[in-house]
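Text of model-v2.pdb, listed as PDB, C-alpha atoms:
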```pdb
ATOM      1  CA  MET M   1     111.836  79.034  97.906  1.00  0.00           C
ATOM      2  CA  ILE M   2     110.255  80.456 101.042  1.00  0.00           C
ATOM      3  CA  LEU M   3     108.262  83.642 101.583  1.00  0.00           C
ATOM      4  CA  ARG M   4     108.153  85.191 105.064  1.00  0.00           C
ATOM      5  CA  PHE M   5     105.656  87.920 106.001  1.00  0.00           C
ATOM      6  CA  VAL M   6     105.727  89.948 109.247  1.00  0.00           C
ATOM      7  CA  LEU M   7     103.426  92.785 110.310  1.00  0.00           C
ATOM      8  CA  TRP M   8     103.316  95.022 113.387  1.00  0.00           C
ATOM      9  CA  ASN M   9     100.695  97.410 114.710  1.00  0.00           C
ATOM     10  CA  LEU M  10     102.643 100.492 115.847  1.00  0.00           C
ATOM     11  CA  ALA M  11      99.744 102.075 117.794  1.00  0.00           C
ATOM     12  CA  ASP M  12     101.109 100.864 121.135  1.00  0.00           C
ATOM     13  CA  SER M  13     104.772 100.737 120.153  1.00  0.00           C
ATOM     14  CA  LYS M  14     107.849 102.792 121.017  1.00  0.00           C
ATOM     15  CA  THR M  15     108.231 104.202 117.473  1.00  0.00           C
ATOM     16  CA  THR M  16     106.515 105.602 114.382  1.00  0.00           C
ATOM     17  CA  VAL M  17     106.556 104.886 110.655  1.00  0.00           C
ATOM     18  CA  GLN M  18     108.680 108.028 110.115  1.00  0.00           C
ATOM     19  CA  GLU M  19     111.295 106.873 112.640  1.00  0.00           C
ATOM     20  CA  LEU M  20     111.384 103.421 111.070  1.00  0.00           C
ATOM     21  CA  ARG M  21     111.915 104.994 107.620  1.00  0.00           C
ATOM     22  CA  ARG M  22     114.999 106.730 108.973  1.00  0.00           C
ATOM     23  CA  TYR M  23     116.183 103.401 110.374  1.00  0.00           C
ATOM     24  CA  LEU M  24     115.801 101.866 106.889  1.00  0.00           C
ATOM     25  CA  ARG M  25     117.659 104.654 105.140  1.00  0.00           C
ATOM     26  CA  ASP M  26     120.461 104.919 107.719  1.00  0.00           C
ATOM     27  CA  GLU M  27     120.985 101.297 108.702  1.00  0.00           C
ATOM     28  CA  ALA M  28     118.651  98.446 107.804  1.00  0.00           C
ATOM     29  CA  VAL M  29     118.765  98.400 104.006  1.00  0.00           C
ATOM     30  CA  GLU M  30     122.550  98.239 103.959  1.00  0.00           C
ATOM     31  CA  ALA M  31     122.579  95.608 106.738  1.00  0.00           C
ATOM     32  CA  PHE M  32     120.376  93.298 104.656  1.00  0.00           C
ATOM     33  CA  ALA M  33     122.269  93.800 101.379  1.00  0.00           C
ATOM     34  CA  ASP M  34     124.498  90.743 101.885  1.00  0.00           C
ATOM     35  CA  VAL M  35     122.362  88.370 103.972  1.00  0.00           C
ATOM     36  CA  PRO M  36     123.024  84.846 102.636  1.00  0.00           C
ATOM     37  CA  GLY M  37     120.021  83.270 100.918  1.00  0.00           C
ATOM     38  CA  LEU M  38     117.883  86.424 100.867  1.00  0.00           C
ATOM     39  CA  ARG M  39     116.629  86.953  97.322  1.00  0.00           C
ATOM     40  CA  PHE M  40     114.345  89.941  97.990  1.00  0.00           C
ATOM     41  CA  LYS M  41     113.045  92.007 100.895  1.00  0.00           C
ATOM     42  CA  ALA M  42     110.429  94.745 100.856  1.00  0.00           C
ATOM     43  CA  TRP M  43     109.594  96.791 103.931  1.00  0.00           C
ATOM     44  CA  ILE M  44     105.956  97.895 103.953  1.00  0.00           C
ATOM     45  CA  SER M  45     103.920 100.464 105.886  1.00  0.00           C
ATOM     46  CA  ASP M  46     100.544 102.128 106.225  1.00  0.00           C
ATOM     47  CA  GLU M  47     100.808 105.373 108.209  1.00  0.00           C
ATOM     48  CA  THR M  48      97.023 105.748 108.441  1.00  0.00           C
ATOM     49  CA  THR M  49      96.580 102.448 110.275  1.00  0.00           C
ATOM     50  CA  GLU M  50     100.022 102.587 111.947  1.00  0.00           C
ATOM     51  CA  ARG M  51     101.208  99.290 110.500  1.00  0.00           C
ATOM     52  CA  TRP M  52     104.742  98.258 109.567  1.00  0.00           C
ATOM     53  CA  GLY M  53     106.085  95.038 108.169  1.00  0.00           C
ATOM     54  CA  ALA M  54     108.233  93.191 105.691  1.00  0.00           C
ATOM     55  CA  VAL M  55     108.073  90.562 102.972  1.00  0.00           C
ATOM     56  CA  TYR M  56     111.106  88.317 102.475  1.00  0.00           C
ATOM     57  CA  LEU M  57     111.847  85.903  99.646  1.00  0.00           C
ATOM     58  CA  TRP M  58     114.379  83.240 100.673  1.00  0.00           C
ATOM     59  CA  GLU M  59     116.282  80.612  98.684  1.00  0.00           C
ATOM     60  CA  SER M  60     115.582  77.924 101.315  1.00  0.00           C
ATOM     61  CA  ARG M  61     113.901  77.239 104.629  1.00  0.00           C
ATOM     62  CA  GLY M  62     117.324  77.109 106.289  1.00  0.00           C
ATOM     63  CA  ALA M  63     118.161  80.601 105.024  1.00  0.00           C
ATOM     64  CA  ALA M  64     114.783  81.872 106.254  1.00  0.00           C
ATOM     65  CA  GLU M  65     115.512  80.614 109.780  1.00  0.00           C
ATOM     66  CA  GLN M  66     118.857  82.385 110.302  1.00  0.00           C
ATOM     67  CA  ASP M  67     119.411  85.271 112.695  1.00  0.00           C
ATOM     68  CA  LEU M  68     118.948  88.605 110.920  1.00  0.00           C
ATOM     69  CA  PRO M  69     120.729  91.978 111.241  1.00  0.00           C
ATOM     70  CA  SER M  70     117.547  93.735 112.315  1.00  0.00           C
ATOM     71  CA  ARG M  71     116.728  96.043 115.210  1.00  0.00           C
ATOM     72  CA  ALA M  72     113.033  96.324 114.277  1.00  0.00           C
ATOM     73  CA  ARG M  73     111.790  94.368 117.303  1.00  0.00           C
ATOM     74  CA  GLU M  74     113.988  96.488 119.584  1.00  0.00           C
ATOM     75  CA  LEU M  75     112.825  99.780 118.033  1.00  0.00           C
ATOM     76  CA  ILE M  76     109.159  98.767 117.974  1.00  0.00           C
ATOM     77  CA  GLY M  77     109.249  97.181 121.420  1.00  0.00           C
ATOM     78  CA  ASN M  78     107.302  94.014 120.716  1.00  0.00           C
ATOM     79  CA  GLU M  79     106.957  91.004 118.452  1.00  0.00           C
ATOM     80  CA  PRO M  80     105.018  91.271 115.172  1.00  0.00           C
ATOM     81  CA  GLU M  81     101.288  90.599 115.328  1.00  0.00           C
ATOM     82  CA  ILE M  82     101.615  88.447 112.221  1.00  0.00           C
ATOM     83  CA  GLY M  83     104.585  86.294 111.369  1.00  0.00           C
ATOM     84  CA  GLU M  84     103.877  83.715 108.674  1.00  0.00           C
ATOM     85  CA  THR M  85     106.051  81.512 106.474  1.00  0.00           C
ATOM     86  CA  PHE M  86     104.905  80.093 103.139  1.00  0.00           C
ATOM     87  CA  ASP M  87     106.272  77.804 100.452  1.00  0.00           C
ATOM     88  CA  VAL M  88     106.563  79.631  97.113  1.00  0.00           C
ATOM     89  CA  GLU M  89     104.668  77.855  94.351  1.00  0.00           C
ATOM     90  CA  ALA M  90     105.881  79.998  91.433  1.00  0.00           C
ATOM     91  CA  THR M  91     107.548  83.315  90.649  1.00  0.00           C
ATOM     92  CA  ILE M  92     107.762  85.719  87.733  1.00  0.00           C
ATOM     93  CA  GLU M  93     109.700  88.902  87.130  1.00  0.00           C
ATOM     94  CA  GLY M  94     107.847  91.818  85.588  1.00  0.00           C
ATOM     95  CA  ARG M  95     108.853  93.669  82.444  1.00  0.00           C
ATOM     96  CA  TYR M  96     110.688  96.430  84.318  1.00  0.00           C
ATOM     97  CA  LEU M  97     114.076  94.766  84.387  1.00  0.00           C
ATOM     98  CA  GLU M  98     115.822  97.929  83.196  1.00  0.00           C
ATOM     99  CA  GLU M  99     114.956  99.530  86.543  1.00  0.00           C
ATOM    100  CA  GLU M 100     116.717  98.008  89.517  1.00  0.00           C
ATOM    101  CA  LEU M 101     114.533  97.285  92.563  1.00  0.00           C
ATOM    102  CA  SER M 102     117.165  98.110  95.168  1.00  0.00           C
ATOM    103  CA  ARG M 103     116.724 101.241  97.249  1.00  0.00           C
ATOM    104  CA  LEU M 104     113.319 102.291  95.939  1.00  0.00           C
ATOM    105  CA  GLY M 105     110.454 103.522  98.145  1.00  0.00           C
ATOM    106  CA  LEU M 106     109.416 106.231 100.573  1.00  0.00           C
ATOM    107  CA  ALA M 107     112.505 105.879 102.780  1.00  0.00           C
ATOM    108  CA  PHE M 108     114.654 107.035  99.850  1.00  0.00           C
ATOM    109  CA  GLU M 109     112.494 109.875  98.520  1.00  0.00           C
TER     110      GLU M 109
END
```

As C-alpha cells, what does this structure read like?
Amino acid sequence: MILRFVLWNLADSKTTVQELRRYLRDEAVEAFADVPGLRFKAWISDETTERWGAVYLWESRGAAEQDLPSRARELIGNEPEIGETFDVEATIEGRYLEEELSRLGLAFE
C-alpha cells in the first residue's frame, strides 16, 4: 500500500478554503468515489494558516501514479508545496465501524 500526502499554501493562490469546500461538496468527492485503487482519501485544511491538502491511501504504487479527476491545481493556481509518497508499513481500523467514513467533514456540515 502507498500513502500520498499533498499540501498547498493558499496565501498567494487564486482561491480560499471556503471555495475549495464548495468544490468538494459539488464535484470532487463524487469524482473520486470510483477511482480504481484508491482505498481512502481525506481532504484537509487549516483556515487560520491558509493551508489545504489531501491524504490518499492507495492499493499500489501503480494506482497512486494514475491521472486523477481533480481540478485542485487549476483552482489553486499552482503546484502543492509538499507532495510526498510513502510506503505503508501497517494499518488498523478503529472501533467506529458502525459509522461510515464517506462524506464526513466541514464540507458537508

TODO: Taking (114.2, 84.3, 95.6) in the file's own coordinates, collect the residues within 12 Å, counting all atoms listed in the file, and hand them back as a list in words.
DONE: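 Final list of nearby residues, as requested, is Met1, Ile2, Leu3, Arg4, Pro36, Gly37, Leu38, Arg39, Phe40, Lys41, Val55, Tyr56, Leu57, Trp58, Glu59, Ser60, Arg61, Ala63, Ala64, Asp87, Val88, Glu89, Ala90, Thr91, Ile92 and Glu93 of chain M.
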
Print the selection's residues with C-alpha atoms to a file, as a short mmCIF file (atom, residue, chain, number, x, y, z; two decimals), in the frame of the given file.
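Output below, filename again12.cif:
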```
data_model
loop_
_atom_site.label_atom_id
_atom_site.label_comp_id
_atom_site.auth_asym_id
_atom_site.auth_seq_id
_atom_site.Cartn_x
_atom_site.Cartn_y
_atom_site.Cartn_z
CA MET M 1 111.84 79.03 97.91
CA ILE M 2 110.26 80.46 101.04
CA LEU M 3 108.26 83.64 101.58
CA ARG M 4 108.15 85.19 105.06
CA PRO M 36 123.02 84.85 102.64
CA GLY M 37 120.02 83.27 100.92
CA LEU M 38 117.88 86.42 100.87
CA ARG M 39 116.63 86.95 97.32
CA PHE M 40 114.34 89.94 97.99
CA LYS M 41 113.04 92.01 100.90
CA VAL M 55 108.07 90.56 102.97
CA TYR M 56 111.11 88.32 102.48
CA LEU M 57 111.85 85.90 99.65
CA TRP M 58 114.38 83.24 100.67
CA GLU M 59 116.28 80.61 98.68
CA SER M 60 115.58 77.92 101.32
CA ARG M 61 113.90 77.24 104.63
CA ALA M 63 118.16 80.60 105.02
CA ALA M 64 114.78 81.87 106.25
CA ASP M 87 106.27 77.80 100.45
CA VAL M 88 106.56 79.63 97.11
CA GLU M 89 104.67 77.86 94.35
CA ALA M 90 105.88 80.00 91.43
CA THR M 91 107.55 83.32 90.65
CA ILE M 92 107.76 85.72 87.73
CA GLU M 93 109.70 88.90 87.13
#
```

For Arg21 of chain M, please output as a compact mmCIF listing (two decimals) with C-alpha atoms, in the coordinates of the input all residues within 10 Å (counting all atoms listed in the file; exclusion window: fewer than 3 positions along the same chain).
```
# COMPACT_ATOMS: atom_id res chain seq x y z
CA THR M 16 106.52 105.60 114.38
CA VAL M 17 106.56 104.89 110.66
CA GLN M 18 108.68 108.03 110.12
CA LEU M 24 115.80 101.87 106.89
CA ARG M 25 117.66 104.65 105.14
CA ASP M 26 120.46 104.92 107.72
CA GLU M 27 120.98 101.30 108.70
CA ALA M 28 118.65 98.45 107.80
CA TRP M 43 109.59 96.79 103.93
CA ILE M 44 105.96 97.90 103.95
CA SER M 45 103.92 100.46 105.89
CA GLY M 105 110.45 103.52 98.14
CA LEU M 106 109.42 106.23 100.57
CA ALA M 107 112.50 105.88 102.78
CA PHE M 108 114.65 107.04 99.85
```

Open item on the list: With distances taken over all atoms listed in the file, which residue among M:Asn78, M:Glu65, M:Ser70, M:Gly83 lies nearest Glu30 of chain M?
Closed with: M:Ser70

Open item on the list: Would you pick out the contacts of Ile82 of chain M at 7 Å or less, using only C-alpha atoms, so that residues sharing its chain but fewer than 6 positions from it are not included, and give the list as a VMD selection string?
Closed with: chain M and resid 6 to 8

- [ ] Just give me the gap between atom CA of Trp52 of chain M and atom CA of Arg95 of chain M in Å, one decimal is fine.
- [x]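 These atoms are spaced 27.8 Å apart.
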
Open item on the list: Just checking: using only C-alpha atoms, which residue out of M:Ala72, M:Asp34, M:Asp12, M:Tyr23 ends up closest to Gly53 of chain M?
Closed with: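 The closest residue to Gly53 of chain M is M:Ala72.
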
TODO: Would you work out the distance separating atom CA of Pro80 of chain M from atom CA of Gly94 of chain M, expressed in Å to one decimal?
DONE: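 Value for the atom CA of Pro80 of chain M-atom CA of Gly94 of chain M distance: 29.7 Å.
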
Open item on the list: Report, in Å with one decimal, the straight-line distance from atom CA of Glu84 of chain M to atom CA of Phe5 of chain M.
Closed with: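 If I compute the distance from atom CA of Glu84 of chain M to atom CA of Phe5 of chain M, I get 5.3 Å.
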
Would you compute an axis-aligned box for segment 64-82 of chain M, covering every atom listed for it in the file with 3 Å of margin on each side, and report centre and edge lengths in Å to one decimal as JSON?
```
{"center_x": 111.0, "center_y": 90.2, "center_z": 113.8, "size_x": 25.4, "size_y": 25.2, "size_z": 21.2}
```

Would you fill out segment 17-38 of chain M with N, CA and C atoms and return it as a tab-separated table (two decimals), in the coordinates of the input?
```
chain	number	residue	atom	x	y	z
M	17	VAL	N	106.16	105.22	112.02
M	17	VAL	CA	106.56	104.89	110.66
M	17	VAL	C	107.69	105.80	110.21
M	18	GLN	N	107.62	107.09	110.51
M	18	GLN	CA	108.68	108.03	110.12
M	18	GLN	C	110.03	107.64	110.72
M	19	GLU	N	110.04	107.28	111.99
M	19	GLU	CA	111.30	106.87	112.64
M	19	GLU	C	111.84	105.58	112.02
M	20	LEU	N	110.95	104.67	111.69
M	20	LEU	CA	111.38	103.42	111.07
M	20	LEU	C	111.91	103.66	109.65
M	21	ARG	N	111.37	104.64	108.94
M	21	ARG	CA	111.92	104.99	107.62
M	21	ARG	C	113.35	105.48	107.75
M	22	ARG	N	113.62	106.28	108.75
M	22	ARG	CA	115.00	106.73	108.97
M	22	ARG	C	115.92	105.53	109.26
M	23	TYR	N	115.42	104.61	110.07
M	23	TYR	CA	116.18	103.40	110.37
M	23	TYR	C	116.51	102.64	109.08
M	24	LEU	N	115.54	102.53	108.16
M	24	LEU	CA	115.80	101.87	106.89
M	24	LEU	C	116.90	102.56	106.12
M	25	ARG	N	116.73	103.85	105.94
M	25	ARG	CA	117.66	104.65	105.14
M	25	ARG	C	119.07	104.65	105.74
M	26	ASP	N	119.16	104.77	107.06
M	26	ASP	CA	120.46	104.92	107.72
M	26	ASP	C	121.16	103.61	108.07
M	27	GLU	N	120.40	102.51	108.15
M	27	GLU	CA	120.98	101.30	108.70
M	27	GLU	C	120.48	100.00	108.08
M	28	ALA	N	119.19	99.78	108.09
M	28	ALA	CA	118.65	98.45	107.80
M	28	ALA	C	118.87	97.98	106.37
M	29	VAL	N	118.63	98.83	105.39
M	29	VAL	CA	118.76	98.40	104.01
M	29	VAL	C	120.18	97.90	103.74
M	30	GLU	N	121.15	98.65	104.16
M	30	GLU	CA	122.55	98.24	103.96
M	30	GLU	C	122.86	96.95	104.72
M	31	ALA	N	122.32	96.80	105.93
M	31	ALA	CA	122.58	95.61	106.74
M	31	ALA	C	122.04	94.34	106.07
M	32	PHE	N	120.97	94.46	105.31
M	32	PHE	CA	120.38	93.30	104.66
M	32	PHE	C	120.95	93.03	103.27
M	33	ALA	N	121.78	93.91	102.75
M	33	ALA	CA	122.27	93.80	101.38
M	33	ALA	C	123.02	92.50	101.11
M	34	ASP	N	123.69	91.94	102.10
M	34	ASP	CA	124.50	90.74	101.88
M	34	ASP	C	124.09	89.56	102.75
M	35	VAL	N	122.82	89.50	103.16
M	35	VAL	CA	122.36	88.37	103.97
M	35	VAL	C	122.30	87.13	103.08
M	36	PRO	N	123.00	86.06	103.46
M	36	PRO	CA	123.02	84.85	102.64
M	36	PRO	C	121.63	84.25	102.45
M	37	GLY	N	121.29	83.93	101.21
M	37	GLY	CA	120.02	83.27	100.92
M	37	GLY	C	118.83	84.19	100.77
M	38	LEU	N	118.99	85.48	101.03
M	38	LEU	CA	117.88	86.42	100.87
M	38	LEU	C	117.84	86.89	99.42
```
